[in-house]
$ cat protein.cif   # mmCIF, C-alpha atoms
data_run
loop_
_atom_site.group_PDB
_atom_site.id
_atom_site.type_symbol
_atom_site.label_atom_id
_atom_site.label_comp_id
_atom_site.auth_asym_id
_atom_site.auth_seq_id
_atom_site.Cartn_x
_atom_site.Cartn_y
_atom_site.Cartn_z
ATOM 1 C CA MET A 51 115.372 105.815 114.802
ATOM 2 C CA ALA A 52 111.754 105.385 113.887
ATOM 3 C CA SER A 53 110.277 106.184 117.285
ATOM 4 C CA ASN A 54 112.132 108.988 119.045
ATOM 5 C CA ASN A 55 108.836 110.509 120.003
ATOM 6 C CA LEU A 56 107.625 108.433 122.944
ATOM 7 C CA SER A 57 104.173 110.001 123.063
ATOM 8 C CA GLN A 58 103.166 107.478 120.443
ATOM 9 C CA LEU A 59 102.176 103.904 121.083
ATOM 10 C CA LEU A 60 104.581 101.164 120.041
ATOM 11 C CA PRO A 61 102.931 98.156 118.408
ATOM 12 C CA SER A 62 104.877 95.708 120.551
ATOM 13 C CA GLU A 63 103.711 97.544 123.654
ATOM 14 C CA LEU A 64 100.107 97.222 122.656
ATOM 15 C CA ILE A 65 100.489 93.502 122.052
ATOM 16 C CA ASP A 66 102.316 93.165 125.356
ATOM 17 C CA ARG A 67 99.433 94.782 127.207
ATOM 18 C CA CYS A 68 97.198 92.168 125.699
ATOM 19 C CA ILE A 69 98.928 89.272 127.358
ATOM 20 C CA GLY A 70 96.436 87.470 129.525
ATOM 21 C CA SER A 71 93.389 88.739 127.693
ATOM 22 C CA LYS A 72 91.474 87.873 124.560
ATOM 23 C CA ILE A 73 92.892 88.794 121.220
ATOM 24 C CA ARG A 74 91.697 88.318 117.681
ATOM 25 C CA VAL A 75 94.318 87.387 115.120
ATOM 26 C CA ILE A 76 93.456 88.055 111.502
ATOM 27 C CA MET A 77 95.557 86.174 108.979
ATOM 28 C CA LYS A 78 96.521 87.291 105.500
ATOM 29 C CA GLY A 79 93.896 84.980 104.056
ATOM 30 C CA ASP A 80 90.335 84.573 105.223
ATOM 31 C CA LYS A 81 91.102 82.953 108.532
ATOM 32 C CA GLU A 82 90.781 84.467 111.980
ATOM 33 C CA LEU A 83 91.474 83.126 115.423
ATOM 34 C CA VAL A 84 90.262 84.377 118.761
ATOM 35 C CA GLY A 85 91.938 83.305 121.966
ATOM 36 C CA VAL A 86 93.746 84.336 125.105
ATOM 37 C CA LEU A 87 97.225 85.613 124.424
ATOM 38 C CA LYS A 88 99.863 83.911 126.529
ATOM 39 C CA GLY A 89 102.889 85.364 124.836
ATOM 40 C CA PHE A 90 104.698 86.275 121.653
ATOM 41 C CA ASP A 91 108.211 86.703 120.329
ATOM 42 C CA VAL A 92 110.050 89.191 118.124
ATOM 43 C CA TYR A 93 108.670 87.558 115.001
ATOM 44 C CA VAL A 94 105.181 87.805 116.509
ATOM 45 C CA ASN A 95 104.739 84.080 116.618
ATOM 46 C CA MET A 96 102.035 83.764 119.237
ATOM 47 C CA VAL A 97 101.002 81.366 121.957
ATOM 48 C CA LEU A 98 97.238 81.341 122.315
ATOM 49 C CA GLU A 99 94.900 79.448 124.596
ATOM 50 C CA ASP A 100 91.265 78.451 124.277
ATOM 51 C CA VAL A 101 91.241 79.284 120.604
ATOM 52 C CA THR A 102 88.298 79.496 118.232
ATOM 53 C CA GLU A 103 89.082 79.472 114.552
ATOM 54 C CA PHE A 104 86.868 81.281 112.047
ATOM 55 C CA GLU A 105 86.754 80.809 108.327
ATOM 56 C CA ILE A 106 85.371 84.118 107.141
ATOM 57 C CA THR A 107 84.147 83.313 103.634
ATOM 58 C CA ALA A 108 81.705 80.607 104.569
ATOM 59 C CA GLU A 109 81.057 82.452 107.837
ATOM 60 C CA GLY A 110 81.501 79.193 109.629
ATOM 61 C CA SER A 111 82.891 78.903 113.113
ATOM 62 C CA ARG A 112 85.383 76.100 112.891
ATOM 63 C CA VAL A 113 87.412 74.065 115.320
ATOM 64 C CA THR A 114 87.543 75.140 118.932
ATOM 65 C CA LYS A 115 91.018 74.245 120.117
ATOM 66 C CA LEU A 116 91.892 74.116 123.774
ATOM 67 C CA ASP A 117 95.205 73.822 125.531
ATOM 68 C CA GLN A 118 97.752 76.001 123.907
ATOM 69 C CA ILE A 119 98.610 76.600 120.316
ATOM 70 C CA LEU A 120 101.679 78.092 118.762
ATOM 71 C CA LEU A 121 100.602 80.291 115.897
ATOM 72 C CA ASN A 122 103.224 80.893 113.236
ATOM 73 C CA GLY A 123 103.664 84.631 112.747
ATOM 74 C CA ASN A 124 104.366 84.306 109.032
ATOM 75 C CA ASN A 125 100.778 84.778 107.995
ATOM 76 C CA ILE A 126 99.516 87.110 110.689
ATOM 77 C CA ALA A 127 98.196 90.370 109.248
ATOM 78 C CA ILE A 128 96.186 92.135 111.939
ATOM 79 C CA LEU A 129 95.906 91.851 115.703
ATOM 80 C CA VAL A 130 92.806 93.081 117.500
ATOM 81 C CA PRO A 131 93.069 93.239 121.274
ATOM 82 C CA GLY A 132 89.930 92.143 123.037
ATOM 83 C CA GLY A 133 88.494 90.049 120.208
ATOM 84 C CA ALA A 134 85.650 91.855 118.446
ATOM 85 C CA PRO A 135 82.118 92.905 119.401
ATOM 86 C CA GLU A 136 80.574 90.127 117.310
ATOM 87 C CA ASP A 137 82.346 87.507 119.367
ATOM 88 C CA VAL A 138 80.892 88.547 122.669
ATOM 89 C CA GLU A 139 77.894 86.286 123.141
ATOM 90 C CA MET B 117 131.426 82.361 109.722
ATOM 91 C CA SER B 118 132.593 85.200 111.931
ATOM 92 C CA GLY B 119 129.499 85.037 114.118
ATOM 93 C CA ARG B 120 128.444 88.579 113.309
ATOM 94 C CA LYS B 121 125.179 89.228 111.527
ATOM 95 C CA GLU B 122 126.325 90.021 108.006
ATOM 96 C CA THR B 123 124.921 89.284 104.597
ATOM 97 C CA MET B 124 127.001 87.117 102.307
ATOM 98 C CA LEU B 125 127.644 90.077 100.045
ATOM 99 C CA ASP B 126 127.997 93.575 101.349
ATOM 100 C CA LEU B 127 125.762 95.680 99.155
ATOM 101 C CA VAL B 128 127.834 98.779 99.710
ATOM 102 C CA LYS B 129 129.753 98.019 96.518
ATOM 103 C CA PHE B 130 126.526 98.376 94.550
ATOM 104 C CA VAL B 131 125.732 101.851 95.784
ATOM 105 C CA ASP B 132 125.164 104.286 92.926
ATOM 106 C CA LYS B 133 125.336 101.429 90.468
ATOM 107 C CA GLY B 134 122.568 100.008 88.349
ATOM 108 C CA VAL B 135 121.262 96.754 89.724
ATOM 109 C CA GLN B 136 118.914 94.114 88.492
ATOM 110 C CA VAL B 137 116.860 92.433 91.169
ATOM 111 C CA LYS B 138 114.875 89.244 90.790
ATOM 112 C CA LEU B 139 112.011 88.887 93.230
ATOM 113 C CA THR B 140 110.220 85.782 94.438
ATOM 114 C CA GLY B 141 107.075 85.266 92.439
ATOM 115 C CA GLY B 142 108.814 85.957 89.144
ATOM 116 C CA ARG B 143 109.015 89.734 89.051
ATOM 117 C CA GLN B 144 112.158 91.454 87.939
ATOM 118 C CA VAL B 145 113.117 95.081 88.456
ATOM 119 C CA CYS B 146 116.057 97.261 87.507
ATOM 120 C CA PHE B 147 116.947 100.383 89.370
ATOM 121 C CA PHE B 148 119.798 102.480 90.530
ATOM 122 C CA PHE B 149 120.867 101.623 94.024
ATOM 123 C CA ASN B 150 121.129 104.720 96.183
ATOM 124 C CA LEU B 151 122.081 105.059 99.752
ATOM 125 C CA GLN B 152 120.393 108.071 101.271
ATOM 126 C CA SER B 153 122.135 107.798 104.563
ATOM 127 C CA GLY B 154 124.153 105.132 106.288
ATOM 128 C CA ARG B 155 121.380 104.344 108.715
ATOM 129 C CA LYS B 156 118.571 101.860 108.389
ATOM 130 C CA GLU B 157 115.617 104.141 107.922
ATOM 131 C CA THR B 158 112.365 103.881 106.060
ATOM 132 C CA MET B 159 112.078 106.175 103.063
ATOM 133 C CA LEU B 160 109.209 108.014 104.682
ATOM 134 C CA ASP B 161 109.210 108.817 108.355
ATOM 135 C CA LEU B 162 105.781 107.954 109.627
ATOM 136 C CA VAL B 163 105.940 110.561 112.350
ATOM 137 C CA LYS B 164 104.151 112.981 110.073
ATOM 138 C CA PHE B 165 101.199 110.604 109.871
ATOM 139 C CA VAL B 166 100.795 110.111 113.621
ATOM 140 C CA ASP B 167 97.295 111.088 114.747
ATOM 141 C CA LYS B 168 96.253 111.388 111.123
ATOM 142 C CA GLY B 169 93.946 109.172 109.120
ATOM 143 C CA VAL B 170 95.741 106.659 106.962
ATOM 144 C CA GLN B 171 94.748 104.000 104.506
ATOM 145 C CA VAL B 172 96.817 100.833 104.686
ATOM 146 C CA LYS B 173 96.859 98.177 102.021
ATOM 147 C CA LEU B 174 98.109 94.771 103.051
ATOM 148 C CA THR B 175 99.473 91.876 101.049
ATOM 149 C CA GLY B 176 96.726 89.350 100.565
ATOM 150 C CA GLY B 177 94.344 92.102 99.492
ATOM 151 C CA ARG B 178 93.111 93.512 102.769
ATOM 152 C CA GLN B 179 92.575 97.211 103.134
ATOM 153 C CA VAL B 180 92.244 99.096 106.406
ATOM 154 C CA THR B 181 91.752 102.752 107.283
ATOM 155 C CA GLY B 182 92.313 104.241 110.693
ATOM 156 C CA THR B 183 94.170 106.805 112.759
ATOM 157 C CA LEU B 184 97.859 106.077 113.061
ATOM 158 C CA LYS B 185 98.730 106.026 116.726
ATOM 159 C CA GLY B 186 102.140 104.401 116.589
ATOM 160 C CA TYR B 187 104.662 102.471 114.548
ATOM 161 C CA ASP B 188 108.087 100.933 114.741
ATOM 162 C CA GLN B 189 111.060 100.441 112.458
ATOM 163 C CA LEU B 190 109.699 97.152 111.176
ATOM 164 C CA LEU B 191 106.632 99.036 109.959
ATOM 165 C CA ASN B 192 104.292 97.438 112.459
ATOM 166 C CA LEU B 193 101.478 99.950 112.884
ATOM 167 C CA VAL B 194 99.039 100.823 115.633
ATOM 168 C CA LEU B 195 95.763 102.062 114.188
ATOM 169 C CA ASP B 196 92.865 103.388 116.215
ATOM 170 C CA GLY B 197 89.282 103.220 115.069
ATOM 171 C CA ALA B 198 90.330 100.906 112.295
ATOM 172 C CA VAL B 199 87.821 99.962 109.655
ATOM 173 C CA GLU B 200 88.428 97.125 107.237
ATOM 174 C CA SER B 201 86.997 97.352 103.758
ATOM 175 C CA VAL B 202 85.537 94.002 103.013
ATOM 176 C CA ARG B 203 86.432 92.242 99.811
ATOM 177 C CA ASP B 204 83.868 90.625 97.654
ATOM 178 C CA HIS B 205 83.615 86.901 98.450
ATOM 179 C CA ASP B 206 83.401 85.920 94.816
ATOM 180 C CA ASP B 207 85.961 88.349 93.489
ATOM 181 C CA PRO B 208 88.763 88.960 96.001
ATOM 182 C CA LEU B 209 90.093 91.800 93.898
ATOM 183 C CA LYS B 210 86.975 93.879 94.274
ATOM 184 C CA ILE B 211 86.274 95.952 97.364
ATOM 185 C CA THR B 212 82.644 96.076 98.381
ATOM 186 C CA ASP B 213 80.980 98.986 100.108
ATOM 187 C CA GLN B 214 80.708 96.980 103.264
ATOM 188 C CA THR B 215 83.041 97.812 106.082
ATOM 189 C CA ARG B 216 83.934 96.068 109.289
ATOM 190 C CA VAL B 217 84.853 98.056 112.376
ATOM 191 C CA LEU B 218 87.888 96.616 114.109
ATOM 192 C CA GLY B 219 88.799 99.350 116.594
ATOM 193 C CA LEU B 220 92.308 99.532 118.037
ATOM 194 C CA ILE B 221 94.556 97.196 116.080
ATOM 195 C CA VAL B 222 98.133 96.319 115.320
ATOM 196 C CA CYS B 223 99.002 95.851 111.660
ATOM 197 C CA ARG B 224 101.990 93.609 111.090
ATOM 198 C CA GLY B 225 104.789 95.337 109.254
ATOM 199 C CA THR B 226 105.499 92.191 107.260
ATOM 200 C CA VAL B 227 102.194 92.543 105.431
ATOM 201 C CA VAL B 228 102.029 96.329 105.078
ATOM 202 C CA MET B 229 102.235 97.133 101.400
ATOM 203 C CA LEU B 230 101.111 100.744 101.275
ATOM 204 C CA VAL B 231 100.424 103.555 103.736
ATOM 205 C CA SER B 232 98.779 106.699 102.435
ATOM 206 C CA PRO B 233 96.985 109.598 104.103
ATOM 207 C CA THR B 234 93.207 109.527 103.829
ATOM 208 C CA ASP B 235 93.249 113.272 103.611
ATOM 209 C CA GLY B 236 94.312 113.999 100.088
ATOM 210 C CA THR B 237 93.186 110.771 98.465
ATOM 211 C CA GLU B 238 89.975 110.664 96.529
ATOM 212 C CA GLU B 239 88.374 108.079 94.357
ATOM 213 C CA ILE B 240 88.349 108.925 90.671
ATOM 214 C CA ALA B 241 86.718 107.305 87.683
ATOM 215 C CA ASN B 242 88.749 104.433 86.318
ATOM 216 C CA PRO B 243 91.154 105.998 83.796
ATOM 217 C CA VAL B 244 92.291 102.665 82.416
ATOM 218 C CA MET B 245 90.603 101.644 79.207
ATOM 219 C CA LEU B 246 89.551 98.055 79.557
ATOM 220 C CA VAL B 247 90.361 96.199 76.369
ATOM 221 C CA SER B 248 88.034 93.722 74.714
ATOM 222 C CA PRO B 249 88.749 89.995 75.123
ATOM 223 C CA THR B 250 89.888 89.668 71.519
ATOM 224 C CA ASP B 251 92.807 91.964 72.171
ATOM 225 C CA GLY B 252 95.430 90.083 74.141
ATOM 226 C CA THR B 253 97.093 93.113 75.708
ATOM 227 C CA VAL B 254 96.278 94.354 79.189
#
$ encode --input "protein.cif" --output "structure tokens"
Amino acid sequence: MASNNLSQLLPSELIDRCIGSKIRVIMKGDKELVGVLKGFDVYVNMVLEDVTEFEITAEGSRVTKLDQILLNGNNIAILVPGGAPEDVE
Amino acid sequence: MSGRKETMLDLVKFVDKGVQVKLTGGRQVCFFFNLQSGRKETMLDLVKFVDKGVQVKLTGGRQVTGTLKGYDQLLNLVLDGAVESVRDHDDPLKITDQTRVLGLIVCRGTVVMLVSPTDGTEEIANPVMLVSPTDGTV
């Protein structure tokens, strides 16, 4: 099995620890979303709340979506727990 | 039909045979199909990279370096101190010198294209001779 050695950190564990706090989701393309992680599934589809969407090329902060969104895991590339320093206003 | 998770065609009959594989996007490859062991393993066990610096290239053109802290069978990665190399806005194929610090991240295994150790890779001058526009070959 890939992870016999339990002194390493499993990716799913790290995402799990993030539930309830802010997370930044970086897509394959130039889009990023920051929001509170409510949950995810085995395909890493994600439920996010209070989401801000960023389009990185134009450096424009786009739509701020409230309520909850279901983000399709197909295009998710990178997950950053805690958002990023630039987001903290 | 039986309810078990099986592919339509059991690839075991292709083991040690030459196969031609057509990929989405139009690529086509031929290779000899080997089965190293019966188990579902990655070709390279990432355990030797844990706590080492790695460079990860992702589909879509992103490139990240960081310390590998963890992974799973699906090739999801946990990188610490991750730094993304920013692509040029105008030319997405070119990596600029700018970097963006991301910190502790999870890289989705579905987009991981390449994992290589930072120790032991160095940038060299471009060995490929760029042809003039009049010559149609690449």
$ resolve_selection --input "protein.cif" --expression "the PyMOL selection byres ((chain B) within 10 of (chain A))" --output "ChimeraX atom specification"
/B:155-158,160-163,166-167,174-178,180,184-195,198,203-206,217-228
$ atom_distance --input "protein.cif" --atom1 "CA of Glu99 in chain A" --atom2 "CA of Lys81 in chain A"
16.9 Å
$ atom_distance --input "protein.cif" --atom1 "CA of Thr114 in chain A" --atom2 "CA of Val101 in chain A"
5.8 Å
$ atom_distance --input "protein.cif" --atom1 "CA of Gly197 in chain B" --atom2 "CA of Thr234 in chain B"
13.5 Å
$ resolve_selection --input "protein.cif" --expression "the PyMOL selection byres ((chain A and resi 70) around 7)" --output "PyMOL selection string"
chain A and resi 68-69+71+86-88
$ residues_around --input "protein.cif" --residues "Gly236 in chain B" --least-positions-apart "6" --cutoff "12 Å" --atoms "all atoms listed in the file" --output "PDB file with C-alpha atoms, in the frame of the given file"
ATOM      1  CA  LYS B 168      96.253 111.388 111.123  1.00  0.00           C
ATOM      2  CA  GLY B 169      93.946 109.172 109.120  1.00  0.00           C
ATOM      3  CA  VAL B 170      95.741 106.659 106.962  1.00  0.00           C
ATOM      4  CA  GLN B 171      94.748 104.000 104.506  1.00  0.00           C
TER       5      GLN B 171
END
$ residues_near_point --input "protein.cif" --point "(86.5, 78.4, 123.5)" --cutoff "8 Å" --atoms "all atoms listed in the file" --output "VMD selection string"
chain A and resid 85 100 to 102 114 to 116
$ residues_near_point --input "protein.cif" --point "(92.2, 80.1, 111.8)" --cutoff "7 Å" --atoms "all atoms listed in the file" --output "PyMOL selection string"
chain A and resi 81-83+103-105
